[in-house]
Every structure is written in C-alpha cells, then in structure tokens.
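Below is the file input_27.pdb, which contains PDB, C-alpha atoms and all ligand atoms.
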```pdb
ATOM      1  CA  MET A   1      80.539  75.722 114.191  1.00  0.00           C
ATOM      2  CA  LYS A   2      77.982  72.949 114.765  1.00  0.00           C
ATOM      3  CA  VAL A   3      78.704  70.075 117.115  1.00  0.00           C
ATOM      4  CA  SER A   4      76.777  66.871 117.675  1.00  0.00           C
ATOM      5  CA  ILE A   5      75.695  66.293 121.255  1.00  0.00           C
ATOM      6  CA  THR A   6      73.732  63.596 123.046  1.00  0.00           C
ATOM      7  CA  VAL A   7      72.263  64.592 126.381  1.00  0.00           C
ATOM      8  CA  GLU A   8      70.025  62.557 128.653  1.00  0.00           C
ATOM      9  CA  VAL A   9      67.228  64.978 129.491  1.00  0.00           C
ATOM     10  CA  ASN A  10      64.644  63.879 132.027  1.00  0.00           C
ATOM     11  CA  GLY A  11      65.530  60.261 131.339  1.00  0.00           C
ATOM     12  CA  GLN A  12      65.421  60.493 127.540  1.00  0.00           C
ATOM     13  CA  LYS A  13      68.467  60.621 125.264  1.00  0.00           C
ATOM     14  CA  GLU A  14      68.371  63.613 122.924  1.00  0.00           C
ATOM     15  CA  THR A  15      70.833  63.985 120.039  1.00  0.00           C
ATOM     16  CA  ARG A  16      71.102  67.276 118.189  1.00  0.00           C
ATOM     17  CA  GLN A  17      73.496  69.314 116.088  1.00  0.00           C
ATOM     18  CA  VAL A  18      73.983  72.575 117.931  1.00  0.00           C
ATOM     19  CA  ASP A  19      76.015  75.682 117.529  1.00  0.00           C
ATOM     20  CA  GLY A  20      79.123  75.428 119.705  1.00  0.00           C
ATOM     21  CA  SER A  21      78.224  78.699 121.413  1.00  0.00           C
ATOM     22  CA  LYS A  22      74.643  77.702 122.277  1.00  0.00           C
ATOM     23  CA  THR A  23      73.907  77.642 125.979  1.00  0.00           C
ATOM     24  CA  LEU A  24      72.284  74.721 127.736  1.00  0.00           C
ATOM     25  CA  LEU A  25      69.399  77.059 128.576  1.00  0.00           C
ATOM     26  CA  ASP A  26      68.767  77.857 124.908  1.00  0.00           C
ATOM     27  CA  PHE A  27      69.199  74.194 123.983  1.00  0.00           C
ATOM     28  CA  LEU A  28      66.499  73.172 126.460  1.00  0.00           C
ATOM     29  CA  ARG A  29      64.107  75.962 125.548  1.00  0.00           C
ATOM     30  CA  ASP A  30      64.633  76.250 121.781  1.00  0.00           C
ATOM     31  CA  GLU A  31      65.546  72.725 120.710  1.00  0.00           C
ATOM     32  CA  LEU A  32      63.584  70.630 123.194  1.00  0.00           C
ATOM     33  CA  ASP A  33      60.730  73.035 123.962  1.00  0.00           C
ATOM     34  CA  LEU A  34      61.335  72.671 127.696  1.00  0.00           C
ATOM     35  CA  THR A  35      60.477  76.181 128.820  1.00  0.00           C
ATOM     36  CA  GLY A  36      60.395  75.629 132.575  1.00  0.00           C
ATOM     37  CA  ALA A  37      63.940  76.977 132.948  1.00  0.00           C
ATOM     38  CA  LYS A  38      63.643  80.745 132.622  1.00  0.00           C
ATOM     39  CA  GLU A  39      65.937  83.297 131.074  1.00  0.00           C
ATOM     40  CA  GLY A  40      66.188  86.174 133.509  1.00  0.00           C
ATOM     41  CA  CYS A  41      69.573  87.881 133.673  1.00  0.00           C
ATOM     42  CA  ASN A  42      71.454  85.501 131.328  1.00  0.00           C
ATOM     43  CA  GLU A  43      74.600  86.114 133.357  1.00  0.00           C
ATOM     44  CA  GLY A  44      74.430  83.821 136.373  1.00  0.00           C
ATOM     45  CA  GLU A  45      72.845  86.265 138.795  1.00  0.00           C
ATOM     46  CA  CYS A  46      69.159  85.338 139.150  1.00  0.00           C
ATOM     47  CA  GLY A  47      68.856  81.535 139.239  1.00  0.00           C
ATOM     48  CA  GLY A  48      65.805  81.508 136.988  1.00  0.00           C
ATOM     49  CA  CYS A  49      67.564  79.091 134.641  1.00  0.00           C
ATOM     50  CA  VAL A  50      68.719  76.517 137.217  1.00  0.00           C
ATOM     51  CA  VAL A  51      68.583  72.866 136.149  1.00  0.00           C
ATOM     52  CA  LEU A  52      70.354  69.784 137.466  1.00  0.00           C
ATOM     53  CA  LEU A  53      73.434  68.578 135.609  1.00  0.00           C
ATOM     54  CA  ASP A  54      74.352  65.116 136.872  1.00  0.00           C
ATOM     55  CA  GLY A  55      72.288  65.926 139.965  1.00  0.00           C
ATOM     56  CA  GLN A  56      73.985  69.264 140.741  1.00  0.00           C
ATOM     57  CA  ALA A  57      72.267  72.616 140.368  1.00  0.00           C
ATOM     58  CA  VAL A  58      73.784  74.764 137.617  1.00  0.00           C
ATOM     59  CA  ASN A  59      72.842  78.044 136.012  1.00  0.00           C
ATOM     60  CA  SER A  60      72.073  76.750 132.539  1.00  0.00           C
ATOM     61  CA  CYS A  61      72.695  80.195 131.027  1.00  0.00           C
ATOM     62  CA  LEU A  62      76.369  79.765 131.961  1.00  0.00           C
ATOM     63  CA  VAL A  63      76.781  76.200 130.644  1.00  0.00           C
ATOM     64  CA  LEU A  64      77.293  75.446 126.977  1.00  0.00           C
ATOM     65  CA  ALA A  65      75.049  72.786 125.507  1.00  0.00           C
ATOM     66  CA  ALA A  66      78.240  71.088 124.285  1.00  0.00           C
ATOM     67  CA  GLU A  67      79.425  70.813 127.906  1.00  0.00           C
ATOM     68  CA  ALA A  68      76.339  68.719 128.678  1.00  0.00           C
ATOM     69  CA  ASP A  69      77.254  66.141 126.019  1.00  0.00           C
ATOM     70  CA  GLY A  70      77.117  62.648 127.535  1.00  0.00           C
ATOM     71  CA  ARG A  71      75.651  63.950 130.778  1.00  0.00           C
ATOM     72  CA  ARG A  72      72.307  63.888 132.561  1.00  0.00           C
ATOM     73  CA  VAL A  73      70.072  66.931 132.789  1.00  0.00           C
ATOM     74  CA  THR A  74      66.944  67.249 134.921  1.00  0.00           C
ATOM     75  CA  THR A  75      64.514  70.107 134.380  1.00  0.00           C
ATOM     76  CA  ILE A  76      61.349  71.002 136.244  1.00  0.00           C
ATOM     77  CA  GLU A  77      59.384  69.097 133.590  1.00  0.00           C
ATOM     78  CA  GLY A  78      61.194  65.905 134.652  1.00  0.00           C
ATOM     79  CA  ILE A  79      60.492  65.826 138.363  1.00  0.00           C
ATOM     80  CA  GLY A  80      56.719  65.628 138.545  1.00  0.00           C
ATOM     81  CA  SER A  81      53.522  65.857 136.543  1.00  0.00           C
ATOM     82  CA  SER A  82      50.244  67.667 137.031  1.00  0.00           C
ATOM     83  CA  GLU A  83      48.739  64.329 138.100  1.00  0.00           C
ATOM     84  CA  LYS A  84      51.559  63.552 140.520  1.00  0.00           C
ATOM     85  CA  LEU A  85      53.442  66.561 141.795  1.00  0.00           C
ATOM     86  CA  HIS A  86      56.912  66.161 143.261  1.00  0.00           C
ATOM     87  CA  PRO A  87      56.851  66.745 147.065  1.00  0.00           C
ATOM     88  CA  LEU A  88      58.693  70.037 146.546  1.00  0.00           C
ATOM     89  CA  GLN A  89      56.093  71.203 144.031  1.00  0.00           C
ATOM     90  CA  GLN A  90      53.261  70.272 146.407  1.00  0.00           C
ATOM     91  CA  ALA A  91      55.005  71.992 149.316  1.00  0.00           C
ATOM     92  CA  PHE A  92      55.470  75.207 147.312  1.00  0.00           C
ATOM     93  CA  LEU A  93      51.729  75.228 146.684  1.00  0.00           C
ATOM     94  CA  ASP A  94      50.852  74.343 150.284  1.00  0.00           C
ATOM     95  CA  GLN A  95      53.097  77.076 151.698  1.00  0.00           C
ATOM     96  CA  HIS A  96      52.012  79.758 149.181  1.00  0.00           C
ATOM     97  CA  ALA A  97      55.596  79.947 147.962  1.00  0.00           C
ATOM     98  CA  VAL A  98      54.529  80.636 144.360  1.00  0.00           C
ATOM     99  CA  GLN A  99      53.249  84.002 143.192  1.00  0.00           C
ATOM    100  CA  CYS A 100      54.212  84.940 139.624  1.00  0.00           C
ATOM    101  CA  GLY A 101      56.081  81.631 139.341  1.00  0.00           C
ATOM    102  CA  PHE A 102      59.031  82.935 137.331  1.00  0.00           C
ATOM    103  CA  CYS A 103      61.590  81.898 139.933  1.00  0.00           C
ATOM    104  CA  THR A 104      59.842  78.694 140.968  1.00  0.00           C
ATOM    105  CA  PRO A 105      61.436  76.102 138.649  1.00  0.00           C
ATOM    106  CA  GLY A 106      64.915  77.322 139.543  1.00  0.00           C
ATOM    107  CA  MET A 107      64.065  77.476 143.248  1.00  0.00           C
ATOM    108  CA  ILE A 108      62.726  73.928 143.224  1.00  0.00           C
ATOM    109  CA  LEU A 109      65.721  72.525 141.359  1.00  0.00           C
ATOM    110  CA  SER A 110      68.197  74.302 143.642  1.00  0.00           C
ATOM    111  CA  ALA A 111      66.267  72.887 146.602  1.00  0.00           C
ATOM    112  CA  LEU A 112      66.277  69.424 145.041  1.00  0.00           C
ATOM    113  CA  SER A 113      70.028  69.594 144.517  1.00  0.00           C
ATOM    114  CA  LEU A 114      70.404  70.482 148.199  1.00  0.00           C
ATOM    115  CA  LEU A 115      68.147  67.634 149.332  1.00  0.00           C
ATOM    116  CA  ASN A 116      70.048  65.176 147.129  1.00  0.00           C
ATOM    117  CA  GLN A 117      73.196  66.065 149.066  1.00  0.00           C
ATOM    118  CA  ASN A 118      71.738  66.922 152.472  1.00  0.00           C
ATOM    119  CA  PRO A 119      68.419  65.208 153.239  1.00  0.00           C
ATOM    120  CA  ASP A 120      68.038  66.955 156.596  1.00  0.00           C
ATOM    121  CA  PRO A 121      68.991  70.590 156.004  1.00  0.00           C
ATOM    122  CA  SER A 122      68.771  73.362 158.561  1.00  0.00           C
ATOM    123  CA  GLU A 123      67.052  76.610 157.695  1.00  0.00           C
ATOM    124  CA  GLU A 124      70.494  78.148 157.260  1.00  0.00           C
ATOM    125  CA  ASP A 125      71.486  75.345 154.852  1.00  0.00           C
ATOM    126  CA  ILE A 126      68.369  76.091 152.787  1.00  0.00           C
ATOM    127  CA  ARG A 127      69.023  79.835 152.759  1.00  0.00           C
ATOM    128  CA  GLN A 128      72.591  79.163 151.642  1.00  0.00           C
ATOM    129  CA  ALA A 129      71.514  76.726 148.897  1.00  0.00           C
ATOM    130  CA  LEU A 130      68.941  79.189 147.561  1.00  0.00           C
ATOM    131  CA  SER A 131      71.151  82.248 147.862  1.00  0.00           C
ATOM    132  CA  GLY A 132      71.673  82.331 144.096  1.00  0.00           C
ATOM    133  CA  ASN A 133      67.937  82.261 143.358  1.00  0.00           C
ATOM    134  CA  LEU A 134      66.166  85.592 143.360  1.00  0.00           C
ATOM    135  CA  CYS A 135      62.442  86.016 144.000  1.00  0.00           C
ATOM    136  CA  ARG A 136      60.793  89.377 143.569  1.00  0.00           C
ATOM    137  CA  CYS A 137      57.429  88.310 144.988  1.00  0.00           C
ATOM    138  CA  THR A 138      57.360  86.091 148.038  1.00  0.00           C
ATOM    139  CA  GLY A 139      59.869  87.469 150.527  1.00  0.00           C
ATOM    140  CA  TYR A 140      61.487  83.979 150.780  1.00  0.00           C
ATOM    141  CA  ARG A 141      59.876  82.912 154.107  1.00  0.00           C
ATOM    142  CA  GLN A 142      57.298  80.740 152.362  1.00  0.00           C
ATOM    143  CA  ILE A 143      59.953  79.240 150.095  1.00  0.00           C
ATOM    144  CA  ILE A 144      62.109  78.212 153.068  1.00  0.00           C
ATOM    145  CA  ASP A 145      59.023  76.740 154.757  1.00  0.00           C
ATOM    146  CA  ALA A 146      58.194  74.791 151.593  1.00  0.00           C
ATOM    147  CA  VAL A 147      61.638  73.208 151.448  1.00  0.00           C
ATOM    148  CA  MET A 148      61.430  72.341 155.154  1.00  0.00           C
ATOM    149  CA  GLN A 149      58.034  70.709 154.534  1.00  0.00           C
ATOM    150  CA  ALA A 150      59.269  68.670 151.570  1.00  0.00           C
ATOM    151  CA  ALA A 151      62.603  67.534 153.031  1.00  0.00           C
ATOM    152  CA  PRO A 152      61.301  64.523 155.027  1.00  0.00           C
ATOM    153  CA  LEU A 153      59.231  63.383 152.026  1.00  0.00           C
ATOM    154  CA  CYS A 154      62.234  63.523 149.690  1.00  0.00           C
ATOM    155  CA  ARG A 155      64.524  61.392 151.841  1.00  0.00           C
ATOM    156  CA  GLY A 156      65.627  58.421 149.818  1.00  0.00           C
ATOM    157  CA  GLY A 157      63.486  59.413 146.860  1.00  0.00           C
ATOM    158  CA  ALA A 158      64.861  62.709 145.553  1.00  0.00           C
ATOM    159  CA  ARG A 159      66.379  62.656 142.082  1.00  0.00           C
TER
HETATM  160  S1  LIG A 201      69.202  83.515 133.531  1.00  0.00           S
HETATM  161 FE1  LIG A 201      70.740  82.235 134.312  1.00  0.00          FE
HETATM  162  S2  LIG A 201      71.202  82.983 136.281  1.00  0.00           S
HETATM  163 FE2  LIG A 201      69.766  84.438 135.454  1.00  0.00          FE
HETATM  164  S1  LIG A 202      57.220  84.043 142.682  1.00  0.00           S
HETATM  165 FE1  LIG A 202      57.567  85.780 141.391  1.00  0.00          FE
HETATM  166  S2  LIG A 202      59.750  85.938 141.277  1.00  0.00           S
HETATM  167 FE2  LIG A 202      59.381  84.403 142.761  1.00  0.00          FE
END
```

Could you quickly redo this structure as structure tokens?
Ligand code: FES
Ligand code: FES
Amino acid sequence: MKVSITVEVNGQKETRQVDGSKTLLDFLRDELDLTGAKEGCNEGECGGCVVLLDGQAVNSCLVLAAEADGRRVTTIEGIGSSEKLHPLQQAFLDQHAVQCGFCTPGMILSALSLLNQNPDPSEEDIRQALSGNLCRCTGYRQIIDAVMQAAPLCRGGAR
C-alpha cells in the first residue's frame, strides 16, 4: 500500500508516495538519488547505511520511510560539499581514515551524532559510538584519530 510522506532531507522538504514497506535507505537511494548511505548487510549489522534522523544516528535499513514522515534526515550529502568539507570529512582525509570508502559516510554520521551529544568525547566514547560501524580496510585507529581531530572544530557547529 502506498503512503504519502514528507521528509526534510538535508534541509529540503521532499514529498513522495512510497510503498509502506520501503525502507528509509531505499527511499534515500532510489527516490532521492542520495547514494552516500550504503546498503551492506541490510539487517542492522554493518552501519554502512547510517544517517541522522532528527540528529540521532540510525541504521536506515531498519527504519521505514513512513517512520521518517514529518522528521528531519541528514545524509552525508548534507553535511559538506567538495568545495567546503565538513571538519569530520577533512579529518578523515588528513588521518588517512578512508580507503575503499564504503563505510565512510556511515562512520562520519555516527561520529557526528556523537559530537552533537558529546562535544568532548574520550577515545572510549568514540569507540563505543562507532561500535556499530564496520570497516574492513583501515583497522579503526585512523578513524578514531580523525574523530579526535575534528571534535574541537565541531563544537557549537555540528549539525
Ligand atoms: S545496511 Fe544497514 S546496518 Fe548494514
Ligand atoms: S574504508 Fe573500506 S570498509 Fe572502511
């Protein structure tokens, strides 16, 4: 059954008719062409699909698009641009925390959710916040270092 939803995505209201069983991940990728969120496991295990829903990190493969009706979604496309990278994006580059890049959007959004709630996280806080995000390439050290680098720059300005 189709339902009408209006979701604020990266600051822009989007209204669509969607199948009631469509996930937020498929809505973003298929309907809005926002392909930064990745489909890895499709069952809440890998974190490749993480986006912010009202500022909180969620696995978008486990959220129905209909559940996002009337709410605010932020994807990796909404936090920076190639001309002006978000401090987390710049830090991931500086710290060599990106290899294949598959996990990176989810990592950055999980980190952003943490920094929104805890602007001065310890290394343990960061490890905990990223525990649902899997990376097959980097070994995590560089990712932790990137979040530590970006944290002071995000204070007061993270979305
Ligand atoms: S695709 Fe959603 S957690 Fe893996
Ligand atoms: S950079 Fe390849 S999975 Fe993380």

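All residues, whether protein, DNA or RNA, that have an atom at most 8 Å from ligand LIG 202 (chain A) (counting all atoms listed in the file) are Ala97, Val98, Gln99, Cys100, Gly101, Phe102, Cys103, Thr104, Leu134, Cys135, Arg136, Cys137 and Thr138 of chain A.
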
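Each residue with an atom within 9 Å of any atom of ligand LIG 201 (chain A) appears in the list, which was built counting only C-alpha atoms and all ligand atoms: Leu25, Ala37, Lys38, Glu39, Gly40, Cys41, Asn42, Glu43, Gly44, Glu45, Cys46, Gly47, Gly48, Cys49, Val50, Val58, Asn59, Ser60, Cys61, Leu62, Gly132, Asn133 and Leu134 of chain A.
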
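For the structure in this document, the set picked by the PyMOL selection byres (((chain A and resi 125) around 12) and not hetatm) is Ser110, Ala111, Ser113, Leu114, Leu115, Gln117, Asn118, Pro119, Asp120, Pro121, Ser122, Glu123, Glu124, Ile126, Arg127, Gln128, Ala129, Leu130, Ser131, Ile144, Val147, Met148 and Ala151 of chain A.
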
From A:Lys2, A:Ala57, A:Leu52, A:Arg16, residue lying nearest A:Asp30 [all atoms listed in the file]: A:Arg16

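Note that atom CA of A:Ala66 and atom CA of A:Pro105 are 22.7 Å apart.
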
Reference answer for the PyMOL selection byres (((chain A and resi 13) around 12) and not hetatm), as a PyMOL selection string: chain A and resi 5-12+14-16+32+68-74

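The coordinates place atom CA of A:Gly55 at 22.3 Å from atom CA of A:Ser82.
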
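The spacing separating atom CA of A:Ser4 from atom CA of A:Gly20 amounts to 9.1 Å.
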
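Using all atoms listed in the file, the nearest neighbour of A:Gln142 within the list A:Val18, A:Ile79, A:Leu85, A:Leu93 is A:Leu93.
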
Which residues would end up in the selection if the PyMOL selection byres (((chain A and resi 150) around 10) and not hetatm) were applied here, given that I need the answer as a PDB file with C-alpha atoms, keeping the file's coordinate frame?
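Resulting contents of selection-v1.pdb:
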```pdb
ATOM      1  CA  HIS A  86      56.912  66.161 143.261  1.00  0.00           C
ATOM      2  CA  PRO A  87      56.851  66.745 147.065  1.00  0.00           C
ATOM      3  CA  LEU A  88      58.693  70.037 146.546  1.00  0.00           C
ATOM      4  CA  GLN A  89      56.093  71.203 144.031  1.00  0.00           C
ATOM      5  CA  GLN A  90      53.261  70.272 146.407  1.00  0.00           C
ATOM      6  CA  ALA A  91      55.005  71.992 149.316  1.00  0.00           C
ATOM      7  CA  PHE A  92      55.470  75.207 147.312  1.00  0.00           C
ATOM      8  CA  ALA A 111      66.267  72.887 146.602  1.00  0.00           C
ATOM      9  CA  LEU A 112      66.277  69.424 145.041  1.00  0.00           C
ATOM     10  CA  LEU A 115      68.147  67.634 149.332  1.00  0.00           C
ATOM     11  CA  PRO A 119      68.419  65.208 153.239  1.00  0.00           C
ATOM     12  CA  ASP A 145      59.023  76.740 154.757  1.00  0.00           C
ATOM     13  CA  ALA A 146      58.194  74.791 151.593  1.00  0.00           C
ATOM     14  CA  VAL A 147      61.638  73.208 151.448  1.00  0.00           C
ATOM     15  CA  MET A 148      61.430  72.341 155.154  1.00  0.00           C
ATOM     16  CA  GLN A 149      58.034  70.709 154.534  1.00  0.00           C
ATOM     17  CA  ALA A 151      62.603  67.534 153.031  1.00  0.00           C
ATOM     18  CA  PRO A 152      61.301  64.523 155.027  1.00  0.00           C
ATOM     19  CA  LEU A 153      59.231  63.383 152.026  1.00  0.00           C
ATOM     20  CA  CYS A 154      62.234  63.523 149.690  1.00  0.00           C
ATOM     21  CA  ARG A 155      64.524  61.392 151.841  1.00  0.00           C
TER      22      ARG A 155
END
```

Distance criterion (all atoms listed in the file): nearest to A:Ala65 out of A:Ile108, A:Ile143, A:Leu28, A:Leu34: A:Leu28
